[in-house]
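One file, run_6.cif, carrying mmCIF, C-alpha atoms:
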```
data_my_file
loop_
_atom_site.label_atom_id
_atom_site.label_comp_id
_atom_site.auth_asym_id
_atom_site.auth_seq_id
_atom_site.Cartn_x
_atom_site.Cartn_y
_atom_site.Cartn_z
CA MET A 1 24.06 80.55 21.41
CA LYS A 2 25.03 77.95 23.85
CA MET A 3 28.78 77.78 24.48
CA GLY A 4 30.33 74.39 24.52
CA ALA A 5 32.33 73.02 27.43
CA ALA A 6 35.68 73.28 25.69
CA PRO A 7 35.42 76.98 24.76
CA ALA A 8 34.13 77.80 28.24
CA LEU A 9 37.06 76.03 29.81
CA SER A 10 39.50 77.86 27.54
CA ILE A 11 37.95 81.21 28.39
CA GLY A 12 38.01 80.36 32.09
CA ILE A 13 41.65 79.40 31.95
CA GLY A 14 42.49 82.56 30.03
CA LEU A 15 40.67 84.78 32.52
CA GLY A 16 42.35 82.93 35.35
CA LEU A 17 45.77 83.55 33.88
CA ILE A 18 44.92 87.23 33.43
CA PHE A 19 43.84 87.51 37.06
CA ILE A 20 46.91 85.57 38.23
CA GLY A 21 49.19 87.77 36.15
CA PHE A 22 47.56 90.90 37.48
CA GLY A 23 47.79 89.58 41.00
CA LEU A 24 51.46 88.66 40.66
CA ARG A 25 52.19 92.08 39.21
CA GLU A 26 50.71 93.66 42.29
CA TYR A 27 51.79 91.03 44.77
CA LEU A 28 55.45 90.45 43.88
CA PRO A 29 56.54 94.09 44.25
CA ASN A 30 54.70 94.21 47.54
CA MET A 31 56.58 91.08 48.59
CA LYS A 32 59.87 92.72 47.61
CA ASP A 33 58.97 95.85 49.55
CA ARG A 34 57.95 93.73 52.49
CA ASP A 35 61.24 91.83 52.37
CA LEU A 36 63.17 95.09 52.01
CA HIS A 37 61.38 96.64 54.97
CA ARG A 38 61.87 93.47 56.95
CA ASN A 39 65.61 93.48 56.19
CA VAL A 40 65.85 97.14 57.22
CA ALA A 41 63.92 96.40 60.38
CA ASP A 42 66.17 93.44 61.17
CA ALA A 43 69.29 95.51 60.57
CA THR A 44 67.93 98.34 62.70
CA GLU A 45 67.07 95.93 65.48
CA ALA A 46 70.55 94.40 65.29
CA GLU A 47 72.15 97.84 65.57
CA ALA A 48 69.80 98.73 68.40
CA ASN A 49 70.84 95.59 70.20
CA LYS A 50 74.44 96.77 69.94
CA LEU A 51 73.71 100.07 71.67
CA PRO A 52 73.86 98.78 75.25
CA ALA A 53 77.27 97.21 74.58
CA ALA A 54 78.47 100.38 72.83
CA LYS A 55 77.30 102.50 75.74
CA LYS A 56 79.10 100.19 78.14
CA ARG A 57 82.29 100.49 76.11
CA LEU A 58 81.96 104.28 76.04
CA GLU A 59 81.43 104.42 79.79
CA ARG A 60 84.43 102.14 80.34
CA ALA A 61 86.56 104.32 78.08
CA LYS A 62 85.53 107.41 80.06
CA GLN A 63 86.35 105.58 83.26
CA ILE A 64 89.81 104.62 82.00
CA VAL A 65 90.50 108.21 80.92
CA GLN A 66 89.47 109.49 84.34
CA GLU A 67 91.59 106.87 86.08
CA LYS A 68 94.64 107.90 84.05
CA ALA A 69 93.91 111.56 84.77
CA ASP A 70 93.65 110.78 88.48
CA ASP A 71 96.89 108.80 88.33
CA TRP A 72 98.63 111.71 86.62
CA GLN A 73 97.34 114.17 89.19
CA GLU A 74 98.86 111.99 91.89
CA VAL A 75 102.16 112.13 90.02
CA VAL A 76 101.89 115.91 89.67
CA ALA A 77 101.13 116.30 93.36
CA SER A 78 104.12 114.35 94.64
CA ARG A 79 106.55 113.61 91.79
CA THR A 80 107.07 116.96 90.06
CA PRO A 81 109.03 119.96 91.35
CA PRO A 82 107.05 122.95 92.65
CA ASN A 83 106.23 125.78 90.25
CA SER A 84 108.07 128.44 92.23
CA LEU A 85 111.76 129.02 92.82
CA ALA A 86 111.19 129.75 96.50
CA ALA A 87 109.72 126.29 97.01
CA GLY A 88 112.60 124.61 95.19
CA GLY A 89 111.10 124.45 91.71
CA ILE A 90 110.95 126.78 88.73
CA ASP A 91 108.45 129.18 87.15
CA MET A 92 108.62 128.94 83.36
CA SER A 93 106.30 131.90 82.79
CA VAL A 94 108.93 134.50 83.72
CA ASN A 95 110.74 136.31 80.93
CA ALA A 96 113.86 134.68 79.51
CA TRP A 97 116.27 137.08 81.20
CA GLN A 98 114.78 136.19 84.57
CA LEU A 99 114.85 132.50 83.65
CA VAL A 100 118.60 132.77 83.03
CA VAL A 101 118.93 134.08 86.59
CA ASP A 102 116.54 131.55 88.14
CA THR A 103 117.61 128.34 86.42
CA PRO A 104 121.06 128.07 88.10
CA LYS A 105 119.26 128.36 91.45
CA PHE A 106 116.84 125.68 90.33
CA ARG A 107 119.82 123.54 89.34
CA ASN A 108 121.29 123.98 92.83
CA ASN A 109 117.98 122.95 94.38
CA ILE A 110 118.00 119.78 92.28
CA GLN A 111 121.59 119.09 93.32
CA ASN A 112 120.65 119.44 96.99
CA ALA A 113 117.75 117.04 96.45
CA VAL A 114 119.90 114.33 94.86
CA ASN A 115 122.62 114.85 97.50
CA ARG A 116 120.06 114.03 100.19
CA GLN A 117 118.60 111.12 98.27
CA VAL A 118 121.91 109.43 97.45
CA LYS A 119 122.69 109.08 101.17
CA THR A 120 119.51 107.15 101.89
CA GLY A 121 120.14 103.96 103.85
CA GLY A 122 123.20 105.36 105.57
CA VAL A 123 125.63 104.48 102.77
CA GLU A 124 128.93 106.20 102.14
CA VAL A 125 128.85 107.94 98.76
CA LEU A 126 132.00 107.31 96.73
CA ASN A 127 130.75 108.71 93.42
CA GLY A 128 127.54 110.70 93.52
CA PRO A 129 125.34 112.38 90.89
CA ARG A 130 126.23 115.81 89.60
CA VAL A 131 123.48 117.95 88.07
CA PRO A 132 124.73 119.75 84.95
CA SER A 133 124.62 123.53 84.86
CA PRO A 134 122.38 125.37 82.38
CA ASP A 135 123.66 127.64 79.67
CA MET A 136 123.28 131.33 80.32
CA ASN A 137 121.73 132.33 77.01
CA GLY A 138 118.15 133.57 77.07
CA SER A 139 117.55 132.46 73.49
CA THR A 140 118.56 128.82 74.06
CA ILE A 141 118.03 128.01 77.72
CA VAL A 142 114.47 126.76 77.25
CA ALA A 143 115.45 124.47 74.39
CA ASN A 144 118.75 123.25 75.83
CA TYR A 145 117.92 122.81 79.51
CA PHE A 146 114.17 122.29 79.51
CA ASN A 147 114.02 120.38 76.20
CA TYR A 148 111.14 122.46 74.84
CA PRO A 149 109.83 122.38 72.12
CA ALA A 150 111.72 119.21 71.14
CA ILE A 151 109.47 117.61 73.75
CA PRO A 152 105.90 119.05 73.79
CA PHE A 153 106.24 120.19 77.41
CA PRO A 154 109.17 121.50 79.48
CA VAL A 155 111.11 118.77 81.26
CA VAL A 156 114.61 118.36 82.68
CA ILE A 157 116.31 115.05 81.92
CA PHE A 158 119.51 113.93 83.58
CA ASP A 159 121.59 110.82 82.94
CA PHE A 160 123.91 110.72 85.91
CA GLY A 161 125.81 107.65 84.80
CA THR A 162 127.37 105.38 87.41
CA ILE A 163 126.79 105.96 91.11
CA THR A 164 129.03 104.20 93.64
CA VAL A 165 128.17 103.72 97.30
CA ARG A 166 129.60 101.68 100.17
CA GLY A 167 127.79 99.97 103.03
CA THR A 168 126.19 96.75 104.14
CA TYR A 169 124.06 94.75 101.74
CA ALA A 170 120.88 96.00 103.44
CA GLN A 171 122.06 99.62 103.26
CA ILE A 172 122.92 99.37 99.58
CA MET A 173 119.60 97.74 98.71
CA GLU A 174 117.68 100.41 100.62
CA ASN A 175 119.66 103.10 98.85
CA VAL A 176 118.93 101.75 95.38
CA ARG A 177 115.23 101.16 96.07
CA SER A 178 114.77 104.62 97.56
CA TRP A 179 115.19 106.34 94.20
CA SER A 180 111.79 105.07 93.09
CA ASP A 181 110.24 107.12 95.92
CA MET A 182 112.27 110.29 95.49
CA PRO A 183 110.07 113.34 96.18
CA ASN A 184 109.34 115.75 93.31
CA TYR A 185 111.16 113.74 90.63
CA LEU A 186 110.98 110.46 88.74
CA ALA A 187 114.28 108.62 89.18
CA VAL A 188 115.36 105.21 87.93
CA ALA A 189 118.29 103.23 89.37
CA ASP A 190 119.24 100.04 87.54
CA GLY A 191 122.15 97.74 86.72
CA LEU A 192 123.13 97.22 90.35
CA ALA A 193 126.40 95.36 90.89
CA ILE A 194 127.71 94.54 94.39
CA ASN A 195 131.34 93.73 95.10
CA GLY A 196 133.58 93.28 98.10
CA THR A 197 133.63 91.20 101.25
CA ALA A 198 130.76 91.31 103.73
CA PRO A 199 129.77 93.04 105.86
CA ILE A 200 131.03 96.16 104.02
CA LEU A 201 130.35 96.04 100.29
CA THR A 202 130.54 98.39 97.34
CA GLY A 203 127.51 98.91 95.12
CA THR A 204 127.47 100.51 91.69
CA TYR A 205 124.38 101.34 89.65
CA ASN A 206 123.21 103.61 86.86
CA LEU A 207 120.96 106.55 87.65
CA SER A 208 118.66 108.67 85.47
CA MET A 209 116.16 111.29 86.55
CA VAL A 210 113.31 113.26 85.00
CA GLY A 211 111.62 116.39 86.27
CA TYR A 212 108.32 117.41 84.65
CA ILE A 213 107.85 121.15 84.98
CA ARG A 214 104.46 122.35 86.20
CA GLY A 215 102.62 125.19 84.53
CA ASP A 216 100.91 125.92 81.25
CA LYS A 217 102.80 129.04 80.14
CA ILE A 218 106.29 129.52 78.82
CA PHE A 219 107.55 133.01 78.10
CA PRO A 220 108.68 133.37 74.46
CA THR A 221 112.40 132.85 73.99
CA VAL A 222 114.57 135.90 73.53
CA PRO A 223 116.16 136.46 70.11
CA GLU A 224 119.92 136.22 70.33
CA GLY A 225 121.32 139.67 71.01
CA GLY A 226 117.96 140.95 72.21
CA ALA A 227 117.96 143.73 74.77
CA ALA A 228 116.75 143.20 78.31
CA PRO A 229 113.45 144.87 79.19
CA ALA A 230 113.55 148.32 80.71
CA ALA A 231 113.17 148.68 84.45
CA GLY A 232 109.58 148.25 85.39
CA GLY A 233 108.82 146.36 82.19
CA GLY A 234 107.18 143.11 83.02
CA GLY A 235 107.71 139.69 81.65
CA GLY A 236 104.18 138.92 80.80
CA GLY A 237 102.38 136.86 78.42
CA GLY A 238 103.41 133.77 76.89
CA GLY A 239 102.08 130.85 75.10
CA GLY A 240 104.23 127.89 74.72
CA GLY A 241 104.05 124.36 75.93
CA ARG A 242 101.07 123.12 77.74
CA ARG A 243 100.84 120.33 80.22
CA GLN A 244 98.60 119.31 83.10
CA ASN A 245 98.85 121.25 86.32
#
```

Can I see the file as structure tokens?
Amino acid sequence: MKMGAAPALSIGIGLGLIFIGFGLREYLPNMKDRDLHRNVADATEAEANKLPAAKKRLERAKQIVQEKADDWQEVVASRTPPNSLAAGGIDMSVNAWQLVVDTPKFRNNIQNAVNRQVKTGGVEVLNGPRVPSPDMNGSTIVANYFNYPAIPFPVVIFDFGTITVRGTYAQIMENVRSWSDMPNYLAVADGLAINGTAPILTGTYNLSMVGYIRGDKIFPTVPEGGAAPAAGGGGGGGGGGRRQN
């Protein structure tokens, strides 16, 4: 039987729609997958493009850390007291009974250092700094004099109050400025006031000083009323505060 034009056209359109539907069913998911993969690829590429900048930031961060470490080592080398009593400093790893004996000597060494420094410039000292004396209690000396563990590392801190010197303007200015270069300690002089009639003037200023203690061991504090170690017994061990050597 010969099929007319109209039925043939209808059948053709129907088959075409079937094929189109089948094709879209296969094609559209593939398009979605392709778009998904493309988005992932784009995101990956974007992150990859960030890597050089991230690496540069990491390297710069490492450089900054090293620079700060180098700066601190310079401070340690010249602006902290030695770690031995014989050299003018203090050894915090000794047992607390020994520390009670050593700390007054350390205090005297600090006093000698500030006595020398306060005369810089050739001024006459009218009111100089006095370093406070430590307590003589093995159970509290570390906390009270070396401020540990209130501060995470042992450090002596002195607020000397008002210092008064007499001399020429140049002598007074040299004296005040010299504190910023004081060996073994970090000292700050501020609030300078100058009075009098030239050429001899009177200068007053406030003075504070900090001494970071070298070493990474602190002998455990002694319980109040604790007995001293027997002869020959060492003062070993110790944990305690850590800081850079």

Just to confirm, what's the straight-line distance from atom CA of A:Asp190 to atom CA of A:Gly167 in Å (one decimal)?
17.7 Å

Got a sec: who's within 8 Å of A:Gly88, counting all atoms listed in the file, leaving out chain neighbours fewer than 6 positions off, as a list of chain:residue names?
A:Pro81, A:Pro82, A:Phe106, A:Asn109, A:Ile110

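Atom CA of A:Asp216 is positioned 25.1 Å from atom CA of A:Gln63.
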
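Here the question is which of A:Trp97, A:Ala61, A:Pro129, A:Thr197 gets nearest to A:Val142 using all atoms listed in the file, and that residue is A:Trp97.
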
Evaluating the PyMOL selection byres ((chain A and resi 146) around 12) on the displayed file yields which residues, as an NGL selection string?
:A and (90-92 or 99-100 or 103 or 106-107 or 133-135 or 140-145 or 147-158 or 210-214 or 218 or 241)

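Minimum atom-to-atom distances from A:Lys105, A:Lys119, A:Arg166, A:Lys62 to A:Gly89 were compared using only C-alpha atoms, and the lowest value belongs to A:Lys105.
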
Write out as a list in words each polymer residue whose atoms come within 9 Å of stretch 199-202 of chain A, counting all atoms listed in the file; drop sequence neighbours fewer than 6 positions from it.
Thr164, Val165, Arg166, Gly167, Thr168, Tyr169, Ile172 and Ala193 of chain A

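Nearest-residue note for A:Ala96: choosing from A:Gly138, A:Ala113, A:Gly191, A:Val176, the minimum distance belongs to A:Gly138, counting all atoms listed in the file.
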
Nearest candidate to A:Leu192 (options A:Met173, A:Asn127, A:Met209, A:Val114; using all atoms listed in the file)
A:Met173

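Of note, atom CA of A:Ile194 and atom CA of A:Asn115 are spaced 21.2 Å apart.
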
For A:Pro132, the closest of A:Asn184, A:Gln117, A:Gln111, A:Asn95 counting all atoms listed in the file is A:Gln111

Need to verify the contact set: A:Gln171, 8 Å, only C-alpha atoms, exclusion of same-chain residues closer than 6 positions in sequence. Can you return it as a PyMOL selection string?
chain A and resi 121-123

Keeping only C-alpha atoms, write the selected residues as a CSV table (one decimal), keeping the file's coordinate frame.
```csv
chain,number,residue,atom,x,y,z
A,121,GLY,CA,120.1,104.0,103.8
A,122,GLY,CA,123.2,105.4,105.6
A,123,VAL,CA,125.6,104.5,102.8
```
